[in-house]
Each structure stands twice: as C-alpha cells, then as structure tokens.
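Participant: Okay, so here is final-v2.pdb, and as you'll see once you scroll down, it has PDB, C-alpha atoms and all ligand atoms.
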ATOM      1  CA  MET A  60      69.499  84.783  66.351  1.00  0.00           C
ATOM      2  CA  ALA A  61      66.669  86.085  64.149  1.00  0.00           C
ATOM      3  CA  PHE A  62      65.179  89.407  65.195  1.00  0.00           C
ATOM      4  CA  SER A  63      61.744  88.268  64.015  1.00  0.00           C
ATOM      5  CA  ASN A  64      61.670  85.758  66.834  1.00  0.00           C
ATOM      6  CA  LYS A  65      61.121  88.233  69.649  1.00  0.00           C
ATOM      7  CA  PRO A  66      59.506  86.088  72.355  1.00  0.00           C
ATOM      8  CA  HIS A  67      62.303  83.582  71.830  1.00  0.00           C
ATOM      9  CA  CYS A  68      64.909  86.286  72.341  1.00  0.00           C
ATOM     10  CA  ILE A  69      63.254  87.518  75.479  1.00  0.00           C
ATOM     11  CA  LEU A  70      63.065  84.009  76.857  1.00  0.00           C
ATOM     12  CA  MET A  71      66.731  83.407  76.071  1.00  0.00           C
ATOM     13  CA  PHE A  72      67.588  86.652  77.774  1.00  0.00           C
ATOM     14  CA  MET A  73      65.633  85.731  80.882  1.00  0.00           C
ATOM     15  CA  ILE A  74      67.212  82.289  81.049  1.00  0.00           C
ATOM     16  CA  SER A  75      70.716  83.711  80.613  1.00  0.00           C
ATOM     17  CA  PHE A  76      70.037  86.266  83.280  1.00  0.00           C
ATOM     18  CA  PHE A  77      68.794  83.606  85.643  1.00  0.00           C
ATOM     19  CA  ILE A  78      71.835  81.416  85.042  1.00  0.00           C
ATOM     20  CA  LEU A  79      74.149  84.383  85.369  1.00  0.00           C
ATOM     21  CA  SER A  80      72.648  85.386  88.672  1.00  0.00           C
ATOM     22  CA  LEU A  81      73.200  81.856  89.964  1.00  0.00           C
ATOM     23  CA  PHE A  82      76.881  81.877  89.135  1.00  0.00           C
ATOM     24  CA  VAL A  83      77.900  85.397  89.854  1.00  0.00           C
ATOM     25  CA  SER A  84      77.862  86.076  93.533  1.00  0.00           C
ATOM     26  CA  ALA A  85      75.770  89.170  93.973  1.00  0.00           C
ATOM     27  CA  LEU A  86      77.781  91.838  95.678  1.00  0.00           C
ATOM     28  CA  ASP A  87      76.652  94.997  97.332  1.00  0.00           C
ATOM     29  CA  VAL A  88      79.490  97.086  98.587  1.00  0.00           C
ATOM     30  CA  SER A  89      78.469 100.024 100.663  1.00  0.00           C
ATOM     31  CA  ASP A  90      81.230 102.590 100.759  1.00  0.00           C
ATOM     32  CA  ALA A  91      79.335 104.431 103.446  1.00  0.00           C
ATOM     33  CA  VAL A  92      80.100 103.296 106.935  1.00  0.00           C
ATOM     34  CA  ALA A  93      77.582 100.599 107.723  1.00  0.00           C
ATOM     35  CA  GLU A  94      75.509 100.087 110.812  1.00  0.00           C
ATOM     36  CA  ALA A  95      76.647  97.183 112.912  1.00  0.00           C
ATOM     37  CA  PRO A  96      74.051  94.405 112.697  1.00  0.00           C
ATOM     38  CA  ALA A  97      72.474  92.794 115.696  1.00  0.00           C
ATOM     39  CA  PRO A  98      74.866  89.926 116.394  1.00  0.00           C
ATOM     40  CA  GLY A  99      73.524  86.473 115.642  1.00  0.00           C
ATOM     41  CA  SER A 100      70.510  87.747 113.731  1.00  0.00           C
ATOM     42  CA  GLY A 101      69.439  86.011 110.550  1.00  0.00           C
ATOM     43  CA  SER A 102      69.401  82.305 110.034  1.00  0.00           C
ATOM     44  CA  ASP A 103      69.764  81.457 106.351  1.00  0.00           C
ATOM     45  CA  GLY A 104      73.249  80.060 106.767  1.00  0.00           C
ATOM     46  CA  PHE A 105      75.093  77.108 105.214  1.00  0.00           C
ATOM     47  CA  LEU A 106      72.916  76.510 102.157  1.00  0.00           C
ATOM     48  CA  PRO A 107      74.553  77.220  98.811  1.00  0.00           C
ATOM     49  CA  LEU A 108      73.652  80.731  97.657  1.00  0.00           C
ATOM     50  CA  ALA A 109      73.121  81.744 101.273  1.00  0.00           C
ATOM     51  CA  LYS A 110      73.169  85.505 101.742  1.00  0.00           C
ATOM     52  CA  LYS A 111      76.026  86.818 103.808  1.00  0.00           C
ATOM     53  CA  HIS A 112      76.768  90.188 105.343  1.00  0.00           C
ATOM     54  CA  VAL A 113      80.312  90.622 106.576  1.00  0.00           C
ATOM     55  CA  VAL A 114      80.882  93.616 108.853  1.00  0.00           C
ATOM     56  CA  ILE A 115      84.287  94.756 110.090  1.00  0.00           C
ATOM     57  CA  HIS A 116      84.625  96.876 113.230  1.00  0.00           C
ATOM     58  CA  ASN A 117      87.879  98.708 113.910  1.00  0.00           C
ATOM     59  CA  VAL A 118      88.717  98.434 117.630  1.00  0.00           C
ATOM     60  CA  VAL A 119      92.541  98.339 117.352  1.00  0.00           C
ATOM     61  CA  LYS A 120      94.357  99.119 120.567  1.00  0.00           C
ATOM     62  CA  ASN A 121      96.170 102.230 119.369  1.00  0.00           C
ATOM     63  CA  LYS A 122      92.953 103.736 117.908  1.00  0.00           C
ATOM     64  CA  GLN A 123      94.376 104.276 114.426  1.00  0.00           C
ATOM     65  CA  THR A 124      92.450 104.230 111.157  1.00  0.00           C
ATOM     66  CA  VAL A 125      92.814 100.799 109.556  1.00  0.00           C
ATOM     67  CA  ASP A 126      93.182 100.396 105.795  1.00  0.00           C
ATOM     68  CA  VAL A 127      91.131  97.412 104.724  1.00  0.00           C
ATOM     69  CA  HIS A 128      91.431  95.779 101.324  1.00  0.00           C
ATOM     70  CA  CYS A 129      89.251  92.716 100.675  1.00  0.00           C
ATOM     71  CA  LYS A 130      89.160  90.457  97.635  1.00  0.00           C
ATOM     72  CA  SER A 131      87.679  87.207  96.455  1.00  0.00           C
ATOM     73  CA  SER A 132      88.702  85.356  93.311  1.00  0.00           C
ATOM     74  CA  GLU A 133      86.035  87.414  91.504  1.00  0.00           C
ATOM     75  CA  ASP A 134      85.720  90.707  93.329  1.00  0.00           C
ATOM     76  CA  ASP A 135      88.102  93.393  94.500  1.00  0.00           C
ATOM     77  CA  LEU A 136      86.330  95.601  97.017  1.00  0.00           C
ATOM     78  CA  GLY A 137      88.958  98.343  96.887  1.00  0.00           C
ATOM     79  CA  LEU A 138      90.862 100.088  99.624  1.00  0.00           C
ATOM     80  CA  ILE A 139      88.719 101.255 102.543  1.00  0.00           C
ATOM     81  CA  HIS A 140      89.909 103.676 105.220  1.00  0.00           C
ATOM     82  CA  LEU A 141      88.139 102.546 108.354  1.00  0.00           C
ATOM     83  CA  PRO A 142      88.386 105.044 111.239  1.00  0.00           C
ATOM     84  CA  TRP A 143      88.635 103.732 114.765  1.00  0.00           C
ATOM     85  CA  ASN A 144      85.372 102.467 116.270  1.00  0.00           C
ATOM     86  CA  GLN A 145      83.659 102.552 112.868  1.00  0.00           C
ATOM     87  CA  THR A 146      82.288  99.656 110.863  1.00  0.00           C
ATOM     88  CA  TRP A 147      82.284  98.798 107.183  1.00  0.00           C
ATOM     89  CA  GLY A 148      80.669  95.832 105.499  1.00  0.00           C
ATOM     90  CA  PHE A 149      79.729  94.091 102.300  1.00  0.00           C
ATOM     91  CA  ARG A 150      77.135  91.591 101.141  1.00  0.00           C
ATOM     92  CA  PHE A 151      77.421  88.596  98.861  1.00  0.00           C
ATOM     93  CA  ARG A 152      76.046  85.136  98.266  1.00  0.00           C
ATOM     94  CA  VAL A 153      78.009  81.950  98.734  1.00  0.00           C
ATOM     95  CA  ASN A 154      78.472  80.374  95.278  1.00  0.00           C
ATOM     96  CA  ILE A 155      76.831  77.077  94.386  1.00  0.00           C
ATOM     97  CA  TRP A 156      80.116  75.190  94.775  1.00  0.00           C
ATOM     98  CA  GLU A 157      80.535  76.723  98.242  1.00  0.00           C
ATOM     99  CA  THR A 158      84.055  77.808  97.437  1.00  0.00           C
ATOM    100  CA  THR A 159      83.492  81.500  98.132  1.00  0.00           C
ATOM    101  CA  LYS A 160      86.344  83.034 100.060  1.00  0.00           C
ATOM    102  CA  PHE A 161      87.192  86.648 100.860  1.00  0.00           C
ATOM    103  CA  VAL A 162      90.651  87.588 102.044  1.00  0.00           C
ATOM    104  CA  CYS A 163      91.337  91.010 103.540  1.00  0.00           C
ATOM    105  CA  ASN A 164      94.549  92.878 104.089  1.00  0.00           C
ATOM    106  CA  PHE A 165      94.602  95.093 107.205  1.00  0.00           C
ATOM    107  CA  THR A 166      97.243  97.794 107.536  1.00  0.00           C
ATOM    108  CA  TRP A 167      97.539 100.502 110.128  1.00  0.00           C
ATOM    109  CA  TYR A 168     100.062 102.869 111.606  1.00  0.00           C
ATOM    110  CA  GLY A 169     101.923 101.110 114.400  1.00  0.00           C
ATOM    111  CA  GLY A 170     100.044  97.893 113.654  1.00  0.00           C
ATOM    112  CA  GLY A 171     101.822  96.519 110.623  1.00  0.00           C
ATOM    113  CA  SER A 172     100.157  94.715 107.739  1.00  0.00           C
ATOM    114  CA  HIS A 173      98.265  91.459 107.963  1.00  0.00           C
ATOM    115  CA  ASN A 174      96.083  89.144 105.920  1.00  0.00           C
ATOM    116  CA  PHE A 175      93.004  87.332 107.149  1.00  0.00           C
ATOM    117  CA  ASP A 176      90.304  85.161 105.558  1.00  0.00           C
ATOM    118  CA  ILE A 177      87.352  87.294 106.511  1.00  0.00           C
ATOM    119  CA  PHE A 178      85.000  84.680 105.072  1.00  0.00           C
ATOM    120  CA  ASN A 179      85.547  81.041 104.258  1.00  0.00           C
ATOM    121  CA  VAL A 180      82.975  78.282 104.099  1.00  0.00           C
ATOM    122  CA  TRP A 181      84.937  75.894 106.311  1.00  0.00           C
ATOM    123  CA  ARG A 182      84.865  78.280 109.288  1.00  0.00           C
ATOM    124  CA  ASP A 183      81.795  80.455 108.721  1.00  0.00           C
ATOM    125  CA  ASP A 184      79.309  78.364 106.792  1.00  0.00           C
ATOM    126  CA  SER A 185      79.627  74.698 107.810  1.00  0.00           C
ATOM    127  CA  GLU A 186      76.640  73.287 109.602  1.00  0.00           C
ATOM    128  CA  PHE A 187      78.676  70.706 111.501  1.00  0.00           C
ATOM    129  CA  GLY A 188      81.809  72.810 111.750  1.00  0.00           C
ATOM    130  CA  LYS A 189      83.694  73.920 114.813  1.00  0.00           C
ATOM    131  CA  PHE A 190      82.285  77.453 114.678  1.00  0.00           C
ATOM    132  CA  PRO A 191      78.690  78.588 114.306  1.00  0.00           C
ATOM    133  CA  VAL A 192      77.411  79.512 110.871  1.00  0.00           C
ATOM    134  CA  CYS A 193      76.973  83.247 110.446  1.00  0.00           C
ATOM    135  CA  SER A 194      74.879  85.170 108.013  1.00  0.00           C
ATOM    136  CA  GLU A 195      75.654  88.458 109.753  1.00  0.00           C
ATOM    137  CA  CYS A 196      79.364  87.914 110.239  1.00  0.00           C
ATOM    138  CA  LEU A 197      80.575  90.630 112.594  1.00  0.00           C
ATOM    139  CA  TRP A 198      84.346  90.881 113.007  1.00  0.00           C
ATOM    140  CA  GLN A 199      86.467  93.030 115.267  1.00  0.00           C
ATOM    141  CA  VAL A 200      89.989  94.029 114.244  1.00  0.00           C
ATOM    142  CA  ARG A 201      91.644  94.037 117.658  1.00  0.00           C
ATOM    143  CA  SER A 202      95.356  93.556 117.705  1.00  0.00           C
ATOM    144  CA  SER A 203      98.530  93.458 115.632  1.00  0.00           C
ATOM    145  CA  ASP A 204      99.633  90.151 117.142  1.00  0.00           C
ATOM    146  CA  GLY A 205      98.622  87.269 119.370  1.00  0.00           C
ATOM    147  CA  ASN A 206      95.695  84.878 119.217  1.00  0.00           C
ATOM    148  CA  GLU A 207      93.031  87.561 119.510  1.00  0.00           C
ATOM    149  CA  ALA A 208      93.901  89.617 116.454  1.00  0.00           C
ATOM    150  CA  MET A 209      90.547  89.045 114.757  1.00  0.00           C
ATOM    151  CA  CYS A 210      87.390  88.111 116.656  1.00  0.00           C
ATOM    152  CA  ARG A 211      84.004  87.051 115.355  1.00  0.00           C
ATOM    153  CA  ILE A 212      81.320  88.403 117.646  1.00  0.00           C
ATOM    154  CA  THR A 213      78.178  86.408 118.271  1.00  0.00           C
ATOM    155  CA  GLY A 214      75.166  87.341 120.322  1.00  0.00           C
ATOM    156  CA  ASP A 215      75.088  84.306 122.535  1.00  0.00           C
ATOM    157  CA  SER A 216      78.646  83.183 123.210  1.00  0.00           C
ATOM    158  CA  ASP A 217      82.118  84.512 123.783  1.00  0.00           C
ATOM    159  CA  PRO A 218      83.803  85.896 120.676  1.00  0.00           C
ATOM    160  CA  TYR A 219      85.681  83.452 118.446  1.00  0.00           C
ATOM    161  CA  CYS A 220      89.189  84.860 118.134  1.00  0.00           C
ATOM    162  CA  PHE A 221      91.971  84.029 115.690  1.00  0.00           C
ATOM    163  CA  PRO A 222      95.549  85.082 114.998  1.00  0.00           C
ATOM    164  CA  TRP A 223      96.442  86.680 111.660  1.00  0.00           C
ATOM    165  CA  ASP A 224      96.822  84.344 108.716  1.00  0.00           C
ATOM    166  CA  LYS A 225     100.434  83.750 107.738  1.00  0.00           C
TER     167      LYS A 225
HETATM  168  C1  LIG B   1      82.128 103.460 119.720  1.00  0.00           C
HETATM  169  O1  LIG B   1      80.974 103.586 118.916  1.00  0.00           O
HETATM  170  C2  LIG B   1      79.769 103.262 119.597  1.00  0.00           C
HETATM  171  C3  LIG B   1      78.665 103.222 118.597  1.00  0.00           C
HETATM  172  O2  LIG B   1      78.700 104.332 117.748  1.00  0.00           O
HETATM  173  C4  LIG B   1      79.562 104.275 120.713  1.00  0.00           C
HETATM  174  O3  LIG B   1      78.366 103.976 121.397  1.00  0.00           O
HETATM  175  C5  LIG B   1      80.735 104.180 121.650  1.00  0.00           C
HETATM  176  O4  LIG B   1      80.616 105.176 122.645  1.00  0.00           O
HETATM  177  C6  LIG B   1      82.047 104.383 120.910  1.00  0.00           C
HETATM  178  N1  LIG B   1      83.140 104.121 121.825  1.00  0.00           N
HETATM  179  C7  LIG B   1      84.065 105.008 122.088  1.00  0.00           C
HETATM  180  C8  LIG B   1      85.062 104.589 123.108  1.00  0.00           C
HETATM  181  O5  LIG B   1      84.109 106.091 121.506  1.00  0.00           O
HETATM  182  C1  LIG B   2      98.849  94.356 102.545  1.00  0.00           C
HETATM  183  O1  LIG B   2      98.771  95.401 101.608  1.00  0.00           O
HETATM  184  C2  LIG B   2      99.879  96.278 101.663  1.00  0.00           C
HETATM  185  C3  LIG B   2      99.553  97.434 100.749  1.00  0.00           C
HETATM  186  O2  LIG B   2      99.149  96.983  99.498  1.00  0.00           O
HETATM  187  C4  LIG B   2     101.135  95.520 101.267  1.00  0.00           C
HETATM  188  O3  LIG B   2     102.247  96.377 101.323  1.00  0.00           O
HETATM  189  C5  LIG B   2     101.320  94.375 102.243  1.00  0.00           C
HETATM  190  O4  LIG B   2     102.413  93.583 101.850  1.00  0.00           O
HETATM  191  C6  LIG B   2     100.087  93.503 102.340  1.00  0.00           C
HETATM  192  N1  LIG B   2     100.248  92.623 103.467  1.00  0.00           N
HETATM  193  C7  LIG B   2     100.253  91.310 103.370  1.00  0.00           C
HETATM  194  C8  LIG B   2     100.425  90.568 104.655  1.00  0.00           C
HETATM  195  O5  LIG B   2     100.080  90.739 102.301  1.00  0.00           O
END
If you convert what's in this file into structure tokens, what do you get?

Facilitator:
Amino acid sequence: MAFSNKPHCILMFMISFFILSLFVSALDVSDAVAEAPAPGSGSDGFLPLAKKHVVIHNVVKNKQTVDVHCKSSEDDLGLIHLPWNQTWGFRFRVNIWETTKFVCNFTWYGGGSHNFDIFNVWRDDSEFGKFPVCSECLWQVRSSDGNEAMCRITGDSDPYCFPWDK
C-alpha cells in the first residue's frame, strides 16, 4: 500500500477495524468483584451481536471459596477465586453466527470439580426456547450435586436450575 495515499489508508484501517469488531466478540473482564445486576433488567437479547453480562454468585452450601475458570473457543478468562457470597462477571457479545459458548470449571474444597456451560445460545439466547433470554445472566453456584447445582436467577419467576454438565 502506497504511503502517499493517506486517506485511502485511513479508510482501509477504519473498514478493517469495523469488520474486526464484528467478528471478535468484545470482552470486558472485570477482575474486581462485580456488583450483582438487577435480575431481568435489560432487553437486548437474542439478536446476533447482543450484549451479554454473565454474573456468577457463589452460594455453595459449605461456604468455601470457589475457583472459577471460564473459556470460550476464543477467550480464556483465567482462574478466578470467588469467595463465598461474592459475585464475579464478564461481558461479551454473541457472535454473528450465534455460536458463542462459554464453559466454566468450578472447583472448591469439599465440593469437587465440575463443568458447566455458563452461556450457550440454545438455552440463554433463543427467543422461542424453553428458557427466557437473558442479557444480564445471573447464576448461582449452589451445590456439588443434584439437579439444583447451578441456577439462573430471574426477577419474575422461580430460578431455572440445572445439574452439572457431564
Ligand atoms: C451476602 O451478601 C449480601 C450482599 O452483599 C448481603 O446483603 C448478605 O447479608 C450476605 N449474606 C450473608 C449470609 O452473609
Ligand atoms: C476443572 O479444573 C481442574 C483444575 O484445572 C481440573 O483438575 C479438573 O479436572 C477440571 N474439571 C473438569 C470437570 O473438567
């Protein structure tokens, strides 16, 4: 690319940036303990590129700190030590193919080690799906076993609870 052609370069740069920002899911990982959002707030769900805020609240029965390690195919959010009754969260956008998925590993003393899809489009972002779409997706880590290991909290219904993923 010729350096004499400056406006052209700038335009190319802007276009590349725009395209890049479409394809890379923007991620904002706060390592500080986040405030729990008001459940059910926000409404820009289920469209591609919808903004999501996943928040994890440690309410395990034995009150231990839970080690949380979340990943998508593109991002590794690192190992988080989440003290009991604290929350931690991260933000991202669903990609244009709507294939975004984050899997977390939860490990705690006396609780074992478990994996869970903390976000998948089928469960959390399908307009006609079985579960409501969330943009503030608030999860409680509750139990080491059973069908109420992980519960998604909503403002206006009972929590949606799930066992650990195998
Ligand atoms: C858990 O945290 C909330 C919010 O910070 C607080 O209001 C509540 O008292 C705590 N619960 C216990 C049992 O410490
Ligand atoms: C979760 O992570 C821990 C530590 O890296 C690992 O030992 C464990 O096997 C993982 N658990 C699962 C269910 O993959």

Participant: Enumerate, as an MDAnalysis selection string, the residues matched when the PyMOL selection byres (((not hetatm)) within 10 of (chain B and resi 1)) is run on the file above.

Facilitator: chainID A and resid 94:95 116:118 122 143:146

Participant: Please compute the atom CA of Gly148 of chain A-atom CA of Gly169 of chain A distance, one decimal, in Å.

Facilitator: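 Separation between atom CA of Gly148 of chain A and atom CA of Gly169 of chain A: 23.6 Å.
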
Participant: Which residues form the shell of 12 Å around ligand LIG 2 (chain B) when you count all atoms listed in the file, given as a ChimeraX atom specification?

Facilitator: /A:125-130,137-139,162-168,170-176,203,223-225

Participant: Quick one: apply the PyMOL selection byres (((chain A and resi 198) around 12) and not hetatm) to the file and drop the selected residues here as a PyMOL selection string.

Facilitator: chain A and resi 95-96+98-99+112-119+145-148+163+175-178+183+193+195-197+199-201+207-213+218-221

Participant: Go through the shown structure with the PyMOL selection byres (((chain A and resi 111) around 6) and not hetatm) and write out the matching residues as number ranges by chain.

Facilitator: A: 110, 112, 150-152, 194

Participant: Mind writing the picked residues with C-alpha atoms as a PDB file, in the coordinates of the input?

Facilitator:
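Wrote it out as selection-v4.pdb, contents follow:
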ATOM      1  CA  LYS A 110      73.169  85.505 101.742  1.00  0.00           C
ATOM      2  CA  HIS A 112      76.768  90.188 105.343  1.00  0.00           C
ATOM      3  CA  ARG A 150      77.135  91.591 101.141  1.00  0.00           C
ATOM      4  CA  PHE A 151      77.421  88.596  98.861  1.00  0.00           C
ATOM      5  CA  ARG A 152      76.046  85.136  98.266  1.00  0.00           C
ATOM      6  CA  SER A 194      74.879  85.170 108.013  1.00  0.00           C
TER       7      SER A 194
END

Participant: Could you tell me which of A:Thr124, A:Pro222, A:Trp181, A:Gly188 comes closest to Pro142 of chain A if we count all atoms listed in the file?

Facilitator: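 Once distances to Pro142 of chain A are computed over all atoms listed in the file, the minimum belongs to A:Thr124.
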
Participant: Report, in Å to a single decimal, how far apart atom CA of Ser202 of chain A and atom CA of Lys120 of chain A are.

Facilitator: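 Computed distance, atom CA of Lys120 of chain A to atom CA of Ser202 of chain A, equals 6.3 Å.
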
Participant: Please measure the separation of atom CA of Asp134 of chain A and atom CA of Phe161 of chain A, giving the value in Å to one decimal.

Facilitator: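 Computed distance, atom CA of Asp134 of chain A to atom CA of Phe161 of chain A, equals 8.7 Å.
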
Participant: Return the single residue from A:Ser132, A:Asn206, A:Thr158, A:Ser216 that is closest to Ser185 of chain A, with distances computed using all atoms listed in the file.

Facilitator: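 Checking each of A:Ser132, A:Asn206, A:Thr158, A:Ser216 against Ser185 of chain A, counting all atoms listed in the file, the winner is A:Thr158.
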